$ cat data-v2.txt   # compact mmCIF, C-alpha atoms
# COMPACT_ATOMS: atom_id res chain seq x y z
CA MET U 124 112.70 83.50 63.22
CA ALA U 125 109.13 82.36 63.58
CA ASP U 126 107.23 83.20 66.71
CA PRO U 127 107.96 80.70 69.51
CA GLU U 128 105.37 78.14 70.42
CA THR U 129 103.40 78.60 73.61
CA ALA U 130 105.46 77.63 76.67
CA SER U 131 104.34 74.61 78.67
CA LEU U 132 102.63 75.25 81.99
CA GLU U 133 105.37 74.08 84.31
CA ILE U 134 106.24 75.60 87.68
CA THR U 135 108.33 78.77 87.64
CA THR U 136 109.50 81.07 90.42
CA ALA U 137 107.99 84.45 91.25
CA TRP U 138 111.32 86.01 90.34
CA HIS U 139 111.24 84.96 86.69
CA PRO U 140 108.42 87.29 85.51
CA MET U 141 110.00 90.02 87.63
CA LEU U 142 113.32 89.69 85.80
CA VAL U 143 111.58 89.55 82.42
CA ALA U 144 109.70 92.76 83.27
CA LEU U 145 112.88 94.53 84.47
CA LEU U 146 114.79 93.64 81.31
CA GLU U 147 111.88 94.70 79.09
CA ILE U 148 111.65 98.09 80.80
CA TYR U 149 115.33 98.94 80.30
CA LEU U 150 115.95 96.99 77.07
CA PRO U 151 117.91 99.28 74.70
CA GLY U 152 116.53 100.00 71.24
CA GLY U 153 117.37 97.52 68.50
CA TRP U 154 116.82 94.41 70.65
CA ARG U 155 113.96 91.97 71.12
CA LEU U 156 113.32 89.97 74.28
CA THR U 157 111.56 86.61 74.20
CA PRO U 158 110.72 84.94 77.54
CA GLU U 159 110.59 81.15 77.76
CA LEU U 160 111.46 80.33 74.16
CA MET U 161 110.42 76.76 73.33
CA LEU U 162 113.31 74.97 71.61
CA ASN U 163 111.35 71.94 70.44
CA ARG U 164 107.98 70.27 71.02
CA MET U 165 109.13 68.80 74.32
CA PRO U 166 109.29 70.91 77.54
CA LEU U 167 112.82 72.19 76.79
CA ARG U 168 113.06 75.95 77.01
CA VAL U 169 115.56 78.65 77.78
CA ASP U 170 114.47 81.25 80.35
CA ILE U 171 115.10 84.43 78.32
CA VAL U 172 116.38 85.20 74.82
CA LEU U 173 117.71 88.64 73.81
CA LEU U 174 117.95 89.04 70.04
CA ARG U 175 119.74 91.84 68.15
CA LEU U 176 117.31 93.21 65.57
CA VAL U 177 118.75 93.42 62.06
CA GLY U 178 118.54 96.82 60.38
CA GLU U 179 117.86 98.79 63.57
CA ALA U 180 120.36 101.04 65.32
CA ALA U 181 121.41 99.87 68.76
CA GLY U 182 120.03 102.15 71.45
CA PRO U 183 122.04 103.40 74.43
CA VAL U 184 122.13 101.38 77.65
CA ARG U 185 120.57 103.41 80.46
CA LYS U 186 120.58 100.87 83.27
CA LEU U 187 121.58 97.26 84.02
CA HIS U 188 125.01 97.63 82.42
CA SER U 189 126.03 94.39 84.13
CA ILE U 190 123.67 92.62 81.71
CA PHE U 191 123.20 94.79 78.63
CA ASP U 192 126.87 95.73 78.15
CA HIS U 193 127.70 92.07 77.54
CA LEU U 194 125.20 90.98 74.90
CA ARG U 195 125.98 89.21 71.64
CA PRO U 196 123.64 89.16 68.59
CA HIS U 197 121.88 86.26 70.36
CA THR U 198 121.96 85.99 74.17
CA LEU U 199 120.44 83.08 76.08
CA ILE U 200 119.83 83.70 79.80
CA GLU U 201 119.54 81.05 82.48
CA HIS U 202 118.05 82.63 85.61
CA LYS U 203 118.08 81.26 89.14
CA GLY U 204 115.87 82.97 91.71
CA PRO U 205 117.02 83.83 95.26
CA THR U 206 115.87 80.48 96.65
CA ASP U 207 117.61 78.36 93.99
CA ASP U 208 121.30 77.55 93.62
CA LEU U 209 123.19 77.43 90.35
CA GLU U 210 124.21 73.78 89.92
CA PRO U 211 126.81 72.08 87.68
CA GLU U 212 124.03 70.39 85.70
CA ASP U 213 122.65 73.82 84.82
CA LEU U 214 125.64 74.26 82.55
CA LEU U 215 124.69 71.06 80.73
CA ALA U 216 121.16 72.39 80.24
CA LEU U 217 122.48 75.75 79.01
CA LEU U 218 124.75 74.07 76.45
CA SER U 219 121.81 71.99 75.31
CA TYR U 220 119.70 75.11 74.94
CA ALA U 221 122.46 76.77 72.93
CA THR U 222 122.81 73.97 70.38
CA GLN U 223 119.04 73.59 70.04
CA TYR U 224 118.72 77.35 69.57
CA MET U 225 121.43 77.42 66.90
CA ARG U 226 119.58 74.74 64.97
CA LEU U 227 116.25 76.53 65.37
CA ALA U 228 117.66 79.94 64.37
CA LYS U 229 119.93 78.45 61.65
CA ILE U 230 123.13 79.80 63.23
CA LEU U 231 126.44 78.08 62.47
CA ASP U 232 128.93 80.31 64.31
CA PRO U 233 128.81 79.93 68.14
CA ALA U 234 130.60 83.28 68.45
CA GLU U 235 127.25 84.94 67.71
CA LEU U 236 125.88 83.66 71.02
CA CYS U 237 126.39 84.68 74.62
CA LEU U 238 125.33 82.24 77.30
CA MET U 239 124.46 84.21 80.43
CA VAL U 240 123.61 83.10 83.95
CA ILE U 241 121.90 85.48 86.40
CA CYS U 242 121.80 84.24 89.98
CA ASP U 243 122.57 85.20 93.57
CA ARG U 244 126.06 83.70 93.36
CA ILE U 245 128.18 81.55 91.06
CA PRO U 246 129.51 78.59 93.09
CA SER U 247 132.86 76.89 92.57
CA ASN U 248 131.26 73.61 91.48
CA PHE U 249 129.66 75.41 88.53
CA VAL U 250 133.03 76.89 87.55
CA LYS U 251 134.60 73.42 87.78
CA GLN U 252 131.92 72.05 85.48
CA VAL U 253 132.82 74.74 82.94
CA GLU U 254 136.46 73.66 83.18
CA ARG U 255 135.52 70.00 82.66
CA HIS U 256 134.17 71.07 79.29
CA LYS U 257 137.49 72.77 78.45
CA GLY U 258 135.97 76.19 79.11
CA ARG U 259 136.81 78.97 81.52
CA LEU U 260 134.90 81.36 83.76
CA ARG U 261 136.63 84.04 85.80
CA PRO U 262 135.63 87.16 87.78
CA LEU U 263 135.60 90.28 85.61
CA ARG U 264 136.62 93.81 86.53
CA SER U 265 135.68 96.69 84.22
CA LEU U 266 136.50 100.36 83.89
CA ARG U 267 132.86 101.31 84.50
CA SER U 268 132.84 99.98 88.07
CA SER U 269 134.65 97.54 90.28
CA GLY U 270 133.09 94.77 88.23
CA GLU U 271 132.37 92.83 91.40
CA GLY U 272 129.77 90.17 90.77
CA LEU U 273 130.49 89.92 87.02
CA TRP U 274 132.12 86.87 85.41
CA ARG U 275 133.47 86.37 81.91
CA GLY U 276 134.49 83.22 80.10
CA GLN U 277 134.06 80.98 77.10
CA ILE U 278 132.91 77.45 76.41
CA ALA U 279 132.51 75.48 73.17
CA GLY U 280 133.00 78.68 71.17
CA PHE U 281 130.27 80.54 73.09
CA ARG U 282 130.87 83.63 75.18
CA LEU U 283 129.97 82.89 78.80
CA HIS U 284 128.87 85.72 81.10
CA GLY U 285 127.80 85.54 84.75
CA VAL U 286 125.95 88.08 86.93
CA GLU U 287 125.92 87.55 90.69
CA THR U 288 123.01 89.72 91.77
CA ARG U 289 124.16 89.97 95.40
CA HIS U 290 127.26 91.90 94.28
CA ALA U 291 126.26 93.35 90.91
CA CYS U 292 123.40 95.30 92.53
CA ARG U 293 126.06 97.37 94.35
CA GLY U 294 127.88 98.31 91.15
CA GLY U 295 126.22 101.73 91.08
CA PRO U 296 122.76 103.34 90.94
CA THR U 297 122.08 101.81 87.51
CA GLU U 298 122.26 98.28 88.95
CA ARG U 299 120.31 98.78 92.20
CA LEU U 300 117.12 96.97 91.10
CA LEU U 301 119.07 93.72 90.76
CA TYR U 302 118.95 93.57 94.57
CA ALA U 303 115.36 92.31 94.21
CA PHE U 304 116.83 89.14 92.67
CA SER U 305 119.40 88.49 95.41
CA ARG U 306 119.06 86.25 98.45
CA SER U 307 119.51 89.25 100.75
CA TYR U 308 116.24 90.68 99.44
CA LEU U 309 114.35 87.90 101.25
CA THR U 310 115.72 88.83 104.68
CA VAL U 311 116.45 92.57 104.31
CA PRO U 312 114.09 93.88 101.59
CA GLY U 313 114.86 97.49 102.52
CA GLY U 314 118.41 97.02 101.26
CA ILE U 315 117.11 97.98 97.82
CA LEU U 316 116.49 101.53 99.04
CA PRO U 317 116.84 104.37 98.27
CA LEU U 318 114.95 104.25 94.96
CA ASP U 319 114.51 107.31 92.78
CA PRO U 320 110.95 108.06 91.54
CA GLU U 321 111.46 106.15 88.29
CA GLU U 322 112.89 103.12 90.07
CA ALA U 323 110.00 103.15 92.56
CA ARG U 324 107.54 102.97 89.65
CA VAL U 325 109.54 100.20 88.02
CA TYR U 326 109.72 98.28 91.30
CA ASP U 327 105.93 98.39 91.59
CA ALA U 328 105.61 97.28 87.95
CA LEU U 329 107.80 94.24 88.65
CA TYR U 330 105.41 92.93 91.25
CA GLN U 331 102.41 93.60 89.02
CA GLN U 332 104.01 91.22 86.51
CA VAL U 333 104.13 88.56 89.22
CA GLU U 334 100.43 89.10 89.93
CA GLN U 335 99.52 88.86 86.24
CA PHE U 336 101.57 85.69 85.86
CA ARG U 337 99.90 84.13 88.90
CA ARG U 338 96.40 84.98 87.66
CA LYS U 339 97.20 83.64 84.20
CA ARG U 340 98.76 80.33 85.23
CA GLY U 341 97.37 79.81 88.71
CA ALA U 342 98.95 79.75 92.16
CA MET U 343 100.18 76.17 91.73
CA ALA U 344 102.38 77.20 88.79
CA MET U 345 104.38 79.72 90.83
CA LYS U 346 107.05 79.05 93.41
CA ASP U 347 108.08 81.54 96.15
CA TYR U 348 105.05 83.78 95.57
CA GLU U 349 104.43 84.43 99.28
CA MET U 350 108.10 85.25 99.91
CA ALA U 351 108.17 87.70 97.01
CA GLU U 352 104.91 89.30 98.15
CA GLN U 353 106.15 89.77 101.73
CA SER U 354 109.42 91.40 100.64
CA TYR U 355 107.57 93.61 98.17
CA GLU U 356 105.15 94.83 100.85
CA GLU U 357 107.97 95.57 103.32
CA VAL U 358 109.73 97.78 100.78
CA LEU U 359 106.48 99.60 99.96
CA ASP U 360 105.91 100.29 103.67
CA GLN U 361 109.40 101.77 104.00
CA LEU U 362 108.94 103.85 100.85
CA PHE U 363 105.64 105.18 102.21
CA GLU U 364 107.20 106.10 105.57
CA ARG U 365 109.82 108.20 103.78
CA LEU U 366 107.24 110.29 101.92
CA PRO U 367 106.30 113.73 103.32
CA PRO U 368 102.68 113.95 104.55
CA GLU U 369 101.50 116.01 101.57
CA LYS U 370 102.65 113.30 99.14
CA ARG U 371 101.13 110.49 101.21
CA VAL U 372 97.63 111.92 100.79
CA ARG U 373 98.06 113.13 97.21
CA GLY U 374 95.22 111.85 95.03
CA LEU U 375 92.97 110.86 97.95
CA THR U 376 89.43 112.21 98.24
CA PRO U 377 88.46 114.10 101.45
CA GLU U 378 86.48 111.03 102.53
CA GLN U 379 89.52 108.78 102.06
CA ARG U 380 91.72 111.17 104.03
CA MET U 381 89.26 111.15 106.95
CA ALA U 382 88.62 107.40 106.95
CA GLY U 383 89.44 105.80 110.31
CA LEU U 384 89.53 109.10 112.22
CA SER U 385 87.22 109.77 115.15
CA ALA U 386 85.11 112.94 115.25
CA THR U 387 87.51 114.44 117.80
CA GLN U 388 90.52 113.69 115.57
CA ARG U 389 88.79 115.24 112.55
CA MET U 390 88.12 118.46 114.48
CA ALA U 391 91.56 118.70 116.10
CA GLY U 392 93.33 121.95 115.22
CA LEU U 393 90.24 123.68 113.81
CA PRO U 394 89.16 127.03 115.34
CA PRO U 395 85.59 127.14 116.78
CA GLU U 396 84.12 128.99 113.78
CA GLN U 397 85.36 126.29 111.40
CA ARG U 398 84.05 123.51 113.61
CA MET U 399 80.58 125.11 113.48
CA ALA U 400 80.69 126.02 109.78
CA GLY U 401 77.73 124.64 107.81
CA LEU U 402 75.60 123.81 110.88
CA SER U 403 72.20 125.35 111.48
CA PRO U 404 71.43 126.91 114.92
CA GLU U 405 69.21 123.93 115.70
CA GLU U 406 71.97 121.46 114.87
CA ILE U 407 74.41 123.38 117.05
CA VAL U 408 71.99 123.34 119.98
CA ASP U 409 71.21 119.62 119.51
CA ALA U 410 74.92 118.86 119.77
CA LEU U 411 75.18 120.48 123.20
CA PRO U 412 75.02 118.39 126.41
CA PRO U 413 71.52 118.30 128.07
CA GLU U 414 72.61 120.41 131.05
CA VAL U 415 73.92 123.14 128.75
CA ARG U 416 70.71 123.16 126.71
CA GLU U 417 68.69 123.42 129.99
CA LEU U 418 70.81 126.36 131.17
CA LEU U 419 70.35 128.14 127.82
CA ALA U 420 66.60 127.54 128.00
CA LYS U 421 66.42 129.15 131.46
CA LYS U 422 68.38 132.17 130.29
CA SER U 423 66.10 132.65 127.31
CA GLU U 424 63.05 132.66 129.64
CA HIS U 425 64.51 135.60 131.53
$ encode --input "data-v2.txt" --output "structure tokens"
Amino acid sequence: MADPETASLEITTAWHPMLVALLEIYLPGGWRLTPELMLNRMPLRVDIVLLRLVGEAAGPVRKLHSIFDHLRPHTLIEHKGPTDDLEPEDLLALLSYATQYMRLAKILDPAELCLMVICDRIPSNFVKQVERHKGRLRPLRSLRSSGEGLWRGQIAGFRLHGVETRHACRGGPTERLLYAFSRSYLTVPGGILPLDPEEARVYDALYQQVEQFRRKRGAMAMKDYEMAEQSYEEVLDQLFERLPPEKRVRGLTPEQRMAGLSATQRMAGLPPEQRMAGLSPEEIVDALPPEVRELLAKKSEH
């Protein structure tokens, strides 16, 4: 396939670049991810495309089994952020994307495609729309976990897979970061904790993608930015509070460690000899109260 054309500058949510970044970080070997693939010269684009690379061995899935265990050679992902609902008409758009993609990629067999939706929840009216098109979509339970939050089905020859982030994030430690794409994240950001050191680094990287996207396209091109920023900061505060003191100050210069402390606070806990270390006799005397200096002067006269 040729490289996709540049995506049009239409409004997207803060969650979209976060999801793209998360999938890129844990994408197994042998796959290529393309965000916002333009399907024609009009503003018609699918959110994310995962493409199986020919001639390369498939790498192991480390995390996000709820997504990566269900790929086909070509997977088109429709993503709804925490503030958006999956609607029946989204199925119509996804089917349109699929047929346009098949024509663009010169694919004739729909069995090579998986149509995937990632959202907070899959409502009944979306399932009914699938059934109107003679398809099916049902909750899935797997041997790996309870399977709660995962849906499997088929429509027009395509595999159909659904991921409800509000439940899938609780499918085990490998799925925990999906909580950042659930509606609960907006009201209880700390529900994503605990994060292991790797996940904490990844979590920070997700928000950096949001910042880069905002700087590149401008604030007007991003929806929900302030909500995402607030939740992100709340989680960082809780992560910081859980760190032991020695890790909180790791990497800080002595000046940075002392910033904001009064002279009394800086000296607290130091023995007298350490408090006076580095001062000349004159400096020590100048620091004394006037009455003490006067008393010392009288004693020296005697």
$ closest_residue --input "data-v2.txt" --among "U:Ala328, U:Lys257, U:Ser403, U:His188" --to "Arg293 of chain U" --atoms "only C-alpha atoms"
U:His188
$ closest_residue --input "data-v2.txt" --among "U:Glu352, U:Glu271, U:Asp409, U:Asp347" --to "His139 of chain U" --atoms "only C-alpha atoms"
U:Asp347
$ residues_around --input "data-v2.txt" --residues "Ser305 of chain U" --least-positions-apart "5" --cutoff "8 Å" --atoms "all atoms listed in the file" --output "PyMOL selection string"
chain U and resi 204-205+242-243+288-289
$ atom_distance --input "data-v2.txt" --atom1 "atom CA of Val250 of chain U" --atom2 "atom CA of Gly276 of chain U"
9.9 Å
$ closest_residue --input "data-v2.txt" --among "U:Glu201, U:Glu254, U:Glu235, U:Asp213" --to "Leu174 of chain U" --atoms "all atoms listed in the file"
U:Glu235
$ atom_distance --input "data-v2.txt" --atom1 "atom CA of Leu300 of chain U" --atom2 "atom CA of Leu194 of chain U"
19.1 Å
$ closest_residue --input "data-v2.txt" --among "U:Val169, U:Ile148, U:Leu309, U:Ile315" --to "Thr222 of chain U" --atoms "all atoms listed in the file"
U:Val169
